[in-house]
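The file upload29.cif comes next; it holds mmCIF, C-alpha atoms and all ligand atoms.
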data_data
#
loop_
_atom_site.label_atom_id
_atom_site.label_comp_id
_atom_site.auth_asym_id
_atom_site.auth_seq_id
_atom_site.Cartn_x
_atom_site.Cartn_y
_atom_site.Cartn_z
CA MET E 1 -11.41 14.55 16.04
CA PRO E 2 -11.65 10.82 16.93
CA PHE E 3 -10.88 8.04 14.43
CA SER E 4 -14.59 7.08 14.44
CA SER E 5 -15.53 10.50 12.95
CA LEU E 6 -13.24 9.74 10.01
CA GLY E 7 -15.29 6.65 9.15
CA ILE E 8 -13.03 4.03 10.75
CA SER E 9 -14.95 0.89 11.76
CA THR E 10 -15.42 -0.27 15.34
CA HIS E 11 -13.27 -3.36 14.61
CA LEU E 12 -10.32 -1.20 13.64
CA ILE E 13 -10.95 1.24 16.49
CA LYS E 14 -10.31 -1.71 18.85
CA GLY E 15 -6.98 -2.29 17.11
CA LEU E 16 -6.09 1.39 17.28
CA GLU E 17 -6.77 1.41 21.03
CA LYS E 18 -4.59 -1.68 21.52
CA GLU E 19 -1.80 -0.09 19.49
CA LYS E 20 -2.14 3.14 21.48
CA TYR E 21 -3.18 5.27 18.53
CA LEU E 22 -5.29 7.61 20.66
CA LYS E 23 -6.17 10.19 18.04
CA PRO E 24 -5.46 10.67 14.35
CA TYR E 25 -2.35 12.51 13.20
CA PRO E 26 -3.02 15.44 10.80
CA ILE E 27 -2.23 13.44 7.66
CA GLN E 28 -4.63 10.72 8.82
CA GLU E 29 -7.44 13.25 9.32
CA LYS E 30 -6.98 14.39 5.74
CA THR E 31 -6.40 11.15 3.86
CA ILE E 32 -8.62 8.58 5.60
CA PRO E 33 -12.02 10.01 4.51
CA ALA E 34 -10.74 10.63 0.95
CA ILE E 35 -9.35 7.11 0.56
CA LEU E 36 -12.53 5.57 2.00
CA ASN E 37 -14.39 7.52 -0.71
CA LYS E 38 -12.15 5.90 -3.37
CA LYS E 39 -10.52 9.24 -4.24
CA ASP E 40 -6.95 9.57 -5.51
CA VAL E 41 -4.63 11.13 -2.93
CA LEU E 42 -1.31 12.95 -3.07
CA GLY E 43 0.24 13.07 0.41
CA ILE E 44 3.35 15.10 1.09
CA ALA E 45 4.58 13.48 4.28
CA GLN E 46 7.80 12.65 6.05
CA THR E 47 8.54 9.37 7.80
CA GLY E 48 7.22 9.73 11.34
CA SER E 49 4.10 11.66 10.26
CA GLY E 50 1.87 8.58 10.46
CA LYS E 51 1.60 8.28 6.66
CA THR E 52 1.59 4.46 6.69
CA ALA E 53 -1.56 4.10 8.81
CA SER E 54 -3.11 6.96 6.81
CA TYR E 55 -3.47 4.60 3.86
CA VAL E 56 -3.37 1.16 5.53
CA LEU E 57 -6.53 1.73 7.62
CA PRO E 58 -8.87 2.89 4.82
CA ILE E 59 -7.43 0.35 2.34
CA LEU E 60 -8.20 -2.45 4.80
CA MET E 61 -11.77 -1.19 5.17
CA ASN E 62 -12.25 -0.90 1.41
CA LEU E 63 -11.27 -4.56 1.02
CA GLU E 64 -14.43 -5.77 2.73
CA GLY E 65 -16.27 -8.12 0.36
CA LYS E 66 -13.45 -8.08 -2.20
CA THR E 67 -10.88 -10.46 -0.77
CA ALA E 68 -11.97 -13.59 -2.67
CA THR E 69 -9.80 -13.16 -5.76
CA LYS E 70 -8.52 -15.61 -8.33
CA ASN E 71 -5.30 -17.21 -7.21
CA ARG E 72 -2.15 -15.10 -7.78
CA HIS E 73 -4.28 -12.00 -8.38
CA VAL E 74 -3.81 -9.25 -5.81
CA ASN E 75 -6.21 -6.39 -4.92
CA VAL E 76 -3.76 -3.78 -3.66
CA LEU E 77 -0.18 -3.04 -4.72
CA VAL E 78 2.11 -0.89 -2.56
CA LEU E 79 5.38 0.04 -4.25
CA VAL E 80 8.24 1.02 -1.94
CA PRO E 81 11.94 1.81 -2.50
CA THR E 82 13.55 -0.55 0.03
CA ARG E 83 13.27 -3.93 1.66
CA GLU E 84 13.14 -2.30 5.10
CA LEU E 85 10.13 -0.17 4.17
CA ALA E 86 8.46 -3.18 2.53
CA ASP E 87 8.71 -5.16 5.78
CA GLN E 88 7.58 -2.20 7.85
CA VAL E 89 4.51 -1.44 5.72
CA GLN E 90 3.49 -5.11 5.54
CA GLY E 91 3.79 -5.21 9.33
CA VAL E 92 1.24 -2.39 9.64
CA PHE E 93 -1.18 -4.21 7.28
CA ARG E 94 -0.73 -7.38 9.37
CA THR E 95 -1.16 -5.60 12.70
CA PHE E 96 -4.44 -3.88 11.80
CA GLY E 97 -5.70 -6.61 9.45
CA PHE E 98 -5.83 -8.88 12.49
CA TYR E 99 -8.77 -6.88 13.91
CA LEU E 100 -10.99 -7.16 10.84
CA PRO E 101 -13.96 -9.55 10.73
CA PHE E 102 -12.66 -10.91 7.39
CA ARG E 103 -9.27 -12.28 6.42
CA VAL E 104 -6.75 -10.13 4.57
CA LYS E 105 -3.46 -11.69 3.50
CA SER E 106 -0.52 -9.36 2.96
CA LEU E 107 2.98 -10.16 1.74
CA ALA E 108 6.24 -8.24 1.26
CA VAL E 109 8.51 -9.07 -1.70
CA PHE E 110 11.87 -7.47 -2.47
CA GLY E 111 15.13 -8.10 -4.29
CA GLY E 112 18.36 -9.26 -2.69
CA SER E 113 16.81 -12.49 -1.41
CA SER E 114 15.75 -15.72 -3.09
CA ILE E 115 12.74 -15.39 -5.42
CA ASN E 116 11.42 -18.96 -5.02
CA PRO E 117 9.96 -18.67 -1.51
CA GLN E 118 8.30 -15.40 -2.59
CA MET E 119 6.79 -17.13 -5.64
CA GLN E 120 5.39 -19.86 -3.43
CA ALA E 121 4.03 -17.40 -0.87
CA LEU E 122 2.07 -15.54 -3.56
CA GLN E 123 -1.08 -17.62 -3.01
CA ASN E 124 -4.30 -15.76 -2.26
CA VAL E 125 -2.53 -12.53 -1.39
CA ASN E 126 -4.73 -9.42 -1.15
CA VAL E 127 -2.12 -6.76 -0.39
CA LEU E 128 1.32 -6.99 -1.95
CA VAL E 129 4.08 -4.66 -0.76
CA ALA E 130 6.95 -4.74 -3.26
CA THR E 131 10.10 -3.11 -4.50
CA PRO E 132 9.81 -2.37 -8.24
CA GLY E 133 12.48 -4.70 -9.68
CA ARG E 134 11.30 -7.79 -7.82
CA LEU E 135 7.67 -7.05 -8.68
CA ILE E 136 8.52 -7.06 -12.40
CA GLU E 137 10.45 -10.34 -12.09
CA LEU E 138 7.48 -11.97 -10.34
CA ALA E 139 4.95 -10.65 -12.86
CA LYS E 140 7.08 -11.75 -15.82
CA SER E 141 7.41 -15.24 -14.44
CA ASN E 142 3.60 -15.46 -14.03
CA ALA E 143 3.88 -15.92 -10.28
CA LEU E 144 1.62 -12.89 -10.02
CA HIS E 145 -1.14 -11.24 -12.09
CA LEU E 146 -1.69 -7.51 -11.87
CA ASP E 147 -5.02 -7.17 -13.70
CA SER E 148 -7.20 -7.22 -10.55
CA ILE E 149 -5.45 -4.36 -8.79
CA SER E 150 -7.93 -1.71 -7.70
CA THR E 151 -5.58 0.42 -5.58
CA LEU E 152 -1.97 1.40 -6.21
CA VAL E 153 0.13 3.06 -3.49
CA LEU E 154 3.49 4.68 -4.22
CA ASP E 155 5.17 5.14 -0.86
CA GLU E 156 8.30 7.34 -0.66
CA ALA E 157 7.89 8.10 -4.37
CA ASP E 158 10.73 10.65 -4.28
CA LYS E 159 13.11 8.04 -2.89
CA MET E 160 12.07 5.52 -5.56
CA LEU E 161 12.90 8.10 -8.23
CA ASN E 162 16.20 9.03 -6.54
CA LEU E 163 17.19 5.37 -6.49
CA GLY E 164 16.64 5.20 -10.27
CA PHE E 165 13.39 3.18 -10.36
CA LYS E 166 11.63 5.46 -12.91
CA ASP E 167 11.79 2.96 -15.80
CA GLU E 168 10.61 0.09 -13.62
CA MET E 169 7.75 2.21 -12.28
CA ASP E 170 6.63 3.08 -15.83
CA GLU E 171 6.80 -0.59 -16.80
CA ILE E 172 4.63 -1.51 -13.82
CA PHE E 173 2.05 1.26 -14.49
CA ALA E 174 1.64 -0.12 -18.03
CA MET E 175 0.75 -3.55 -16.59
CA LEU E 176 -1.97 -2.25 -14.23
CA PRO E 177 -5.66 -1.75 -14.98
CA LYS E 178 -6.29 1.81 -16.16
CA LYS E 179 -9.20 2.26 -13.79
CA ARG E 180 -7.81 2.21 -10.28
CA GLN E 181 -7.32 4.34 -7.18
CA ASN E 182 -3.88 6.02 -7.05
CA LEU E 183 -2.32 7.02 -3.72
CA LEU E 184 1.03 8.78 -3.89
CA PHE E 185 3.13 9.62 -0.81
CA SER E 186 6.36 11.54 -0.98
CA ALA E 187 8.49 13.60 1.42
CA THR E 188 8.96 16.26 -1.28
CA LEU E 189 6.93 17.47 -4.23
CA SER E 190 9.76 17.67 -6.77
CA PRO E 191 9.08 18.18 -10.50
CA ASP E 192 9.89 14.46 -11.01
CA VAL E 193 7.27 13.46 -8.46
CA GLN E 194 4.73 15.81 -10.10
CA ASN E 195 5.54 14.15 -13.40
CA VAL E 196 4.76 10.72 -12.01
CA GLU E 197 1.49 12.06 -10.66
CA ARG E 198 0.58 13.37 -14.10
CA LEU E 199 1.52 10.26 -16.01
CA TYR E 200 0.58 7.27 -13.92
P1 LIG L 301 5.01 6.44 9.87
O1 LIG L 301 5.16 7.89 9.55
O2 LIG L 301 3.88 5.80 9.14
O3 LIG L 301 6.31 5.68 9.70
O4 LIG L 301 4.59 6.32 11.43
C1 LIG L 301 5.44 6.77 12.46
C2 LIG L 301 5.10 6.16 13.81
O5 LIG L 301 3.93 6.77 14.35
C3 LIG L 301 4.86 4.66 13.81
O6 LIG L 301 5.57 4.09 14.88
C4 LIG L 301 3.38 4.52 14.03
O7 LIG L 301 3.05 3.34 14.72
C5 LIG L 301 3.05 5.75 14.85
N1 LIG L 301 1.67 6.29 14.65
C6 LIG L 301 1.06 6.51 13.47
N2 LIG L 301 -0.14 7.09 13.66
C7 LIG L 301 -0.31 7.23 15.00
C8 LIG L 301 -1.36 7.76 15.82
N3 LIG L 301 -2.47 8.28 15.30
N4 LIG L 301 -1.17 7.76 17.16
C9 LIG L 301 -0.04 7.25 17.71
N5 LIG L 301 0.98 6.72 16.99
C10 LIG L 301 0.86 6.71 15.64
#

Show the structure stored in the file as structure tokens.
Amino acid sequence: MPFSSLGISTHLIKGLEKEKYLKPYPIQEKTIPAILNKKDVLGIAQTGSGKTASYVLPILMNLEGKTATKNRHVNVLVLVPTRELADQVQGVFRTFGFYLPFRVKSLAVFGGSSINPQMQALQNVNVLVATPGRLIELAKSNALHLDSISTLVLDEADKMLNLGFKDEMDEIFAMLPKKRQNLLFSATLSPDVQNVERLY
């Protein structure tokens, strides 16, 4: 099945051809139509399965007409366990965002590096990819407002729980609008992950 049958726009198809994504991986066939339809998704997927593009592509399409937000308000929040994954995911948003007929600004923020440049960079950001601790610091210092978020992604949710981020995740969920699209990706469906799915 080609990407176009999943509802992917011709602009993004150009990007997919350039990036040599010739046909969708199985997880992409399943999640792309559901995410485009604003459904919640639970994806059990390993690294290497193509899980990142499975949410990046439909999220980018859903942003059409919604990117003009108040300053320091973001549309999409992607929570990840590590700095490396934050950079990697933001890179995929940047790569495919380039092909859209409208501008999408994405940014990665994470602990272990100075907070000030991240605070300054948080101007007119649409997609924020963040590790939980740093996200809370930024929200508490008013560098960022979370009340316009329409889509939340938890990527590598099992790893976030294994690294002890449960309390931070709960604190973040409490700051988000109740009505939102929830996309959860995890390599395993442990009872802890199922619990997050039930509660968030
Ligand atoms: P991920 O599981 O998201 O880390 O992706 C693993 C790798 O597969 C990355 O290098 C992606 O660029 C690549 N990839 C994802 N989807 C496709 C696709 N449909 N066709 C070719 N490569 C892909």

Handout entry: Between atom C3 of ligand LIG 301 (chain L) and CA of Glu64 (chain E), distance in Å (one decimal)
Key =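 Straight-line distance from atom C3 of ligand LIG 301 (chain L) to CA of Glu64 (chain E) works out to 24.6 Å.
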
Handout entry: Selection as a PyMOL selection string: residues within 10 Å of (-4.0, 10.0, 0.1), counting only C-alpha atoms
Key = chain E and resi 27-28+30-36+38-44+51+54-55+58+153+181-185

If you keep C-alpha atoms, can you produce a file of those selected residues as a PDB file, in the frame of the given file?
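Result file follows (again00.pdb):
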ATOM      1  CA  ILE E  27      -2.230  13.440   7.660  1.00  0.00           C
ATOM      2  CA  GLN E  28      -4.630  10.720   8.820  1.00  0.00           C
ATOM      3  CA  LYS E  30      -6.980  14.390   5.740  1.00  0.00           C
ATOM      4  CA  THR E  31      -6.400  11.150   3.860  1.00  0.00           C
ATOM      5  CA  ILE E  32      -8.620   8.580   5.600  1.00  0.00           C
ATOM      6  CA  PRO E  33     -12.020  10.010   4.510  1.00  0.00           C
ATOM      7  CA  ALA E  34     -10.740  10.630   0.950  1.00  0.00           C
ATOM      8  CA  ILE E  35      -9.350   7.110   0.560  1.00  0.00           C
ATOM      9  CA  LEU E  36     -12.530   5.570   2.000  1.00  0.00           C
ATOM     10  CA  LYS E  38     -12.150   5.900  -3.370  1.00  0.00           C
ATOM     11  CA  LYS E  39     -10.520   9.240  -4.240  1.00  0.00           C
ATOM     12  CA  ASP E  40      -6.950   9.570  -5.510  1.00  0.00           C
ATOM     13  CA  VAL E  41      -4.630  11.130  -2.930  1.00  0.00           C
ATOM     14  CA  LEU E  42      -1.310  12.950  -3.070  1.00  0.00           C
ATOM     15  CA  GLY E  43       0.240  13.070   0.410  1.00  0.00           C
ATOM     16  CA  ILE E  44       3.350  15.100   1.090  1.00  0.00           C
ATOM     17  CA  LYS E  51       1.600   8.280   6.660  1.00  0.00           C
ATOM     18  CA  SER E  54      -3.110   6.960   6.810  1.00  0.00           C
ATOM     19  CA  TYR E  55      -3.470   4.600   3.860  1.00  0.00           C
ATOM     20  CA  PRO E  58      -8.870   2.890   4.820  1.00  0.00           C
ATOM     21  CA  VAL E 153       0.130   3.060  -3.490  1.00  0.00           C
ATOM     22  CA  GLN E 181      -7.320   4.340  -7.180  1.00  0.00           C
ATOM     23  CA  ASN E 182      -3.880   6.020  -7.050  1.00  0.00           C
ATOM     24  CA  LEU E 183      -2.320   7.020  -3.720  1.00  0.00           C
ATOM     25  CA  LEU E 184       1.030   8.780  -3.890  1.00  0.00           C
ATOM     26  CA  PHE E 185       3.130   9.620  -0.810  1.00  0.00           C
TER      27      PHE E 185
END

Residues within 12 Å of ligand LIG 301 (chain L), counting only C-alpha atoms and all ligand atoms, as a PDB file with C-alpha atoms, keeping the file's coordinate frame:
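The resulting part_18.pdb:
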ATOM      1  CA  MET E   1     -11.410  14.550  16.040  1.00  0.00           C
ATOM      2  CA  PRO E   2     -11.650  10.820  16.930  1.00  0.00           C
ATOM      3  CA  PHE E   3     -10.880   8.040  14.430  1.00  0.00           C
ATOM      4  CA  ILE E  13     -10.950   1.240  16.490  1.00  0.00           C
ATOM      5  CA  GLY E  15      -6.980  -2.290  17.110  1.00  0.00           C
ATOM      6  CA  LEU E  16      -6.090   1.390  17.280  1.00  0.00           C
ATOM      7  CA  GLU E  17      -6.770   1.410  21.030  1.00  0.00           C
ATOM      8  CA  LYS E  18      -4.590  -1.680  21.520  1.00  0.00           C
ATOM      9  CA  GLU E  19      -1.800  -0.090  19.490  1.00  0.00           C
ATOM     10  CA  LYS E  20      -2.140   3.140  21.480  1.00  0.00           C
ATOM     11  CA  TYR E  21      -3.180   5.270  18.530  1.00  0.00           C
ATOM     12  CA  LEU E  22      -5.290   7.610  20.660  1.00  0.00           C
ATOM     13  CA  LYS E  23      -6.170  10.190  18.040  1.00  0.00           C
ATOM     14  CA  PRO E  24      -5.460  10.670  14.350  1.00  0.00           C
ATOM     15  CA  TYR E  25      -2.350  12.510  13.200  1.00  0.00           C
ATOM     16  CA  PRO E  26      -3.020  15.440  10.800  1.00  0.00           C
ATOM     17  CA  ILE E  27      -2.230  13.440   7.660  1.00  0.00           C
ATOM     18  CA  GLN E  28      -4.630  10.720   8.820  1.00  0.00           C
ATOM     19  CA  GLU E  29      -7.440  13.250   9.320  1.00  0.00           C
ATOM     20  CA  ILE E  32      -8.620   8.580   5.600  1.00  0.00           C
ATOM     21  CA  GLY E  43       0.240  13.070   0.410  1.00  0.00           C
ATOM     22  CA  ILE E  44       3.350  15.100   1.090  1.00  0.00           C
ATOM     23  CA  ALA E  45       4.580  13.480   4.280  1.00  0.00           C
ATOM     24  CA  GLN E  46       7.800  12.650   6.050  1.00  0.00           C
ATOM     25  CA  THR E  47       8.540   9.370   7.800  1.00  0.00           C
ATOM     26  CA  GLY E  48       7.220   9.730  11.340  1.00  0.00           C
ATOM     27  CA  SER E  49       4.100  11.660  10.260  1.00  0.00           C
ATOM     28  CA  GLY E  50       1.870   8.580  10.460  1.00  0.00           C
ATOM     29  CA  LYS E  51       1.600   8.280   6.660  1.00  0.00           C
ATOM     30  CA  THR E  52       1.590   4.460   6.690  1.00  0.00           C
ATOM     31  CA  ALA E  53      -1.560   4.100   8.810  1.00  0.00           C
ATOM     32  CA  SER E  54      -3.110   6.960   6.810  1.00  0.00           C
ATOM     33  CA  TYR E  55      -3.470   4.600   3.860  1.00  0.00           C
ATOM     34  CA  VAL E  56      -3.370   1.160   5.530  1.00  0.00           C
ATOM     35  CA  LEU E  57      -6.530   1.730   7.620  1.00  0.00           C
ATOM     36  CA  GLU E  84      13.140  -2.300   5.100  1.00  0.00           C
ATOM     37  CA  LEU E  85      10.130  -0.170   4.170  1.00  0.00           C
ATOM     38  CA  ALA E  86       8.460  -3.180   2.530  1.00  0.00           C
ATOM     39  CA  ASP E  87       8.710  -5.160   5.780  1.00  0.00           C
ATOM     40  CA  GLN E  88       7.580  -2.200   7.850  1.00  0.00           C
ATOM     41  CA  VAL E  89       4.510  -1.440   5.720  1.00  0.00           C
ATOM     42  CA  GLN E  90       3.490  -5.110   5.540  1.00  0.00           C
ATOM     43  CA  GLY E  91       3.790  -5.210   9.330  1.00  0.00           C
ATOM     44  CA  VAL E  92       1.240  -2.390   9.640  1.00  0.00           C
ATOM     45  CA  PHE E  93      -1.180  -4.210   7.280  1.00  0.00           C
ATOM     46  CA  THR E  95      -1.160  -5.600  12.700  1.00  0.00           C
ATOM     47  CA  PHE E  96      -4.440  -3.880  11.800  1.00  0.00           C
ATOM     48  CA  ASP E 155       5.170   5.140  -0.860  1.00  0.00           C
ATOM     49  CA  GLU E 156       8.300   7.340  -0.660  1.00  0.00           C
ATOM     50  CA  PHE E 185       3.130   9.620  -0.810  1.00  0.00           C
ATOM     51  CA  SER E 186       6.360  11.540  -0.980  1.00  0.00           C
ATOM     52  CA  ALA E 187       8.490  13.600   1.420  1.00  0.00           C
TER      53      ALA E 187
END

Exercise for the section: Give me the residues within 7 Å of Arg180 (chain E) as JSON, numbers by chain, counting only C-alpha atoms and dropping any in the same chain fewer than 2 places off. Expected result: {"E": [150, 151, 177, 178, 182]}

Sorted by chain and rising residue number, which residues of region 53-78 of chain E lie within 12 Å of region 105-124 of chain E, and what are their closest atom pairs and distances in Å to one decimal, counting only C-alpha atoms, as a Markdown table?
| residue | atom | partner | partner_atom | distance |
| --- | --- | --- | --- | --- |
| E:Val56 | CA | E:Ser106 | CA | 11.2 |
| E:Ile59 | CA | E:Ser106 | CA | 11.9 |
| E:Leu60 | CA | E:Lys105 | CA | 10.5 |
| E:Leu63 | CA | E:Lys105 | CA | 10.9 |
| E:Lys66 | CA | E:Asn124 | CA | 11.9 |
| E:Thr67 | CA | E:Asn124 | CA | 8.6 |
| E:Ala68 | CA | E:Asn124 | CA | 8.0 |
| E:Thr69 | CA | E:Asn124 | CA | 7.0 |
| E:Lys70 | CA | E:Asn124 | CA | 7.4 |
| E:Asn71 | CA | E:Asn124 | CA | 5.3 |
| E:Arg72 | CA | E:Gln123 | CA | 5.5 |
| E:His73 | CA | E:Asn124 | CA | 7.2 |
| E:Val74 | CA | E:Asn124 | CA | 7.4 |
| E:Asn75 | CA | E:Asn124 | CA | 9.9 |
| E:Val76 | CA | E:Ser106 | CA | 9.2 |
| E:Leu77 | CA | E:Ser106 | CA | 10.0 |
| E:Val78 | CA | E:Ala108 | CA | 9.3 |

Writing out the chosen residues with C-alpha atoms as a PDB file, in the frame of the given file:
ATOM      1  CA  VAL E  56      -3.370   1.160   5.530  1.00  0.00           C
ATOM      2  CA  ILE E  59      -7.430   0.350   2.340  1.00  0.00           C
ATOM      3  CA  LEU E  60      -8.200  -2.450   4.800  1.00  0.00           C
ATOM      4  CA  LEU E  63     -11.270  -4.560   1.020  1.00  0.00           C
ATOM      5  CA  LYS E  66     -13.450  -8.080  -2.200  1.00  0.00           C
ATOM      6  CA  THR E  67     -10.880 -10.460  -0.770  1.00  0.00           C
ATOM      7  CA  ALA E  68     -11.970 -13.590  -2.670  1.00  0.00           C
ATOM      8  CA  THR E  69      -9.800 -13.160  -5.760  1.00  0.00           C
ATOM      9  CA  LYS E  70      -8.520 -15.610  -8.330  1.00  0.00           C
ATOM     10  CA  ASN E  71      -5.300 -17.210  -7.210  1.00  0.00           C
ATOM     11  CA  ARG E  72      -2.150 -15.100  -7.780  1.00  0.00           C
ATOM     12  CA  HIS E  73      -4.280 -12.000  -8.380  1.00  0.00           C
ATOM     13  CA  VAL E  74      -3.810  -9.250  -5.810  1.00  0.00           C
ATOM     14  CA  ASN E  75      -6.210  -6.390  -4.920  1.00  0.00           C
ATOM     15  CA  VAL E  76      -3.760  -3.780  -3.660  1.00  0.00           C
ATOM     16  CA  LEU E  77      -0.180  -3.040  -4.720  1.00  0.00           C
ATOM     17  CA  VAL E  78       2.110  -0.890  -2.560  1.00  0.00           C
TER      18      VAL E  78
END

Handout entry: Which residue of E:Leu199, E:Ala157, E:Met175, E:Val127 approaches Thr82 (chain E) most closely, using all atoms listed in the file
Key = E:Ala157

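Nearest residue to Asn162 (chain E) among E:Ala130, E:Val193, E:Ile149, E:Leu6 is E:Val193, counting only C-alpha atoms.
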
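We find CA of Gly164 (chain E) and CA of Leu176 (chain E) to be spaced 20.4 Å apart.
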
Handout entry: Counting all atoms listed in the file, the option among E:Met169, E:Gly7, E:Asp158, E:Pro191 closest to Gly133 (chain E)
Key =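 Of the candidates, the smallest distance to Gly133 (chain E) is held by E:Met169.
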
Box dimensions and centre (Å, one decimal) enclosing region 117-125 of chain E, axis-aligned, 5 Å extra per side, as AutoDock Vina command-line options:
--center_x 2.8 --center_y -16.2 --center_z -3.3 --size_x 24.3 --size_y 17.3 --size_z 14.8

Completion exercise
CA of Val125 (chain E) sits from CA of Glu168 (chain E) at a separation of 21.9 Å
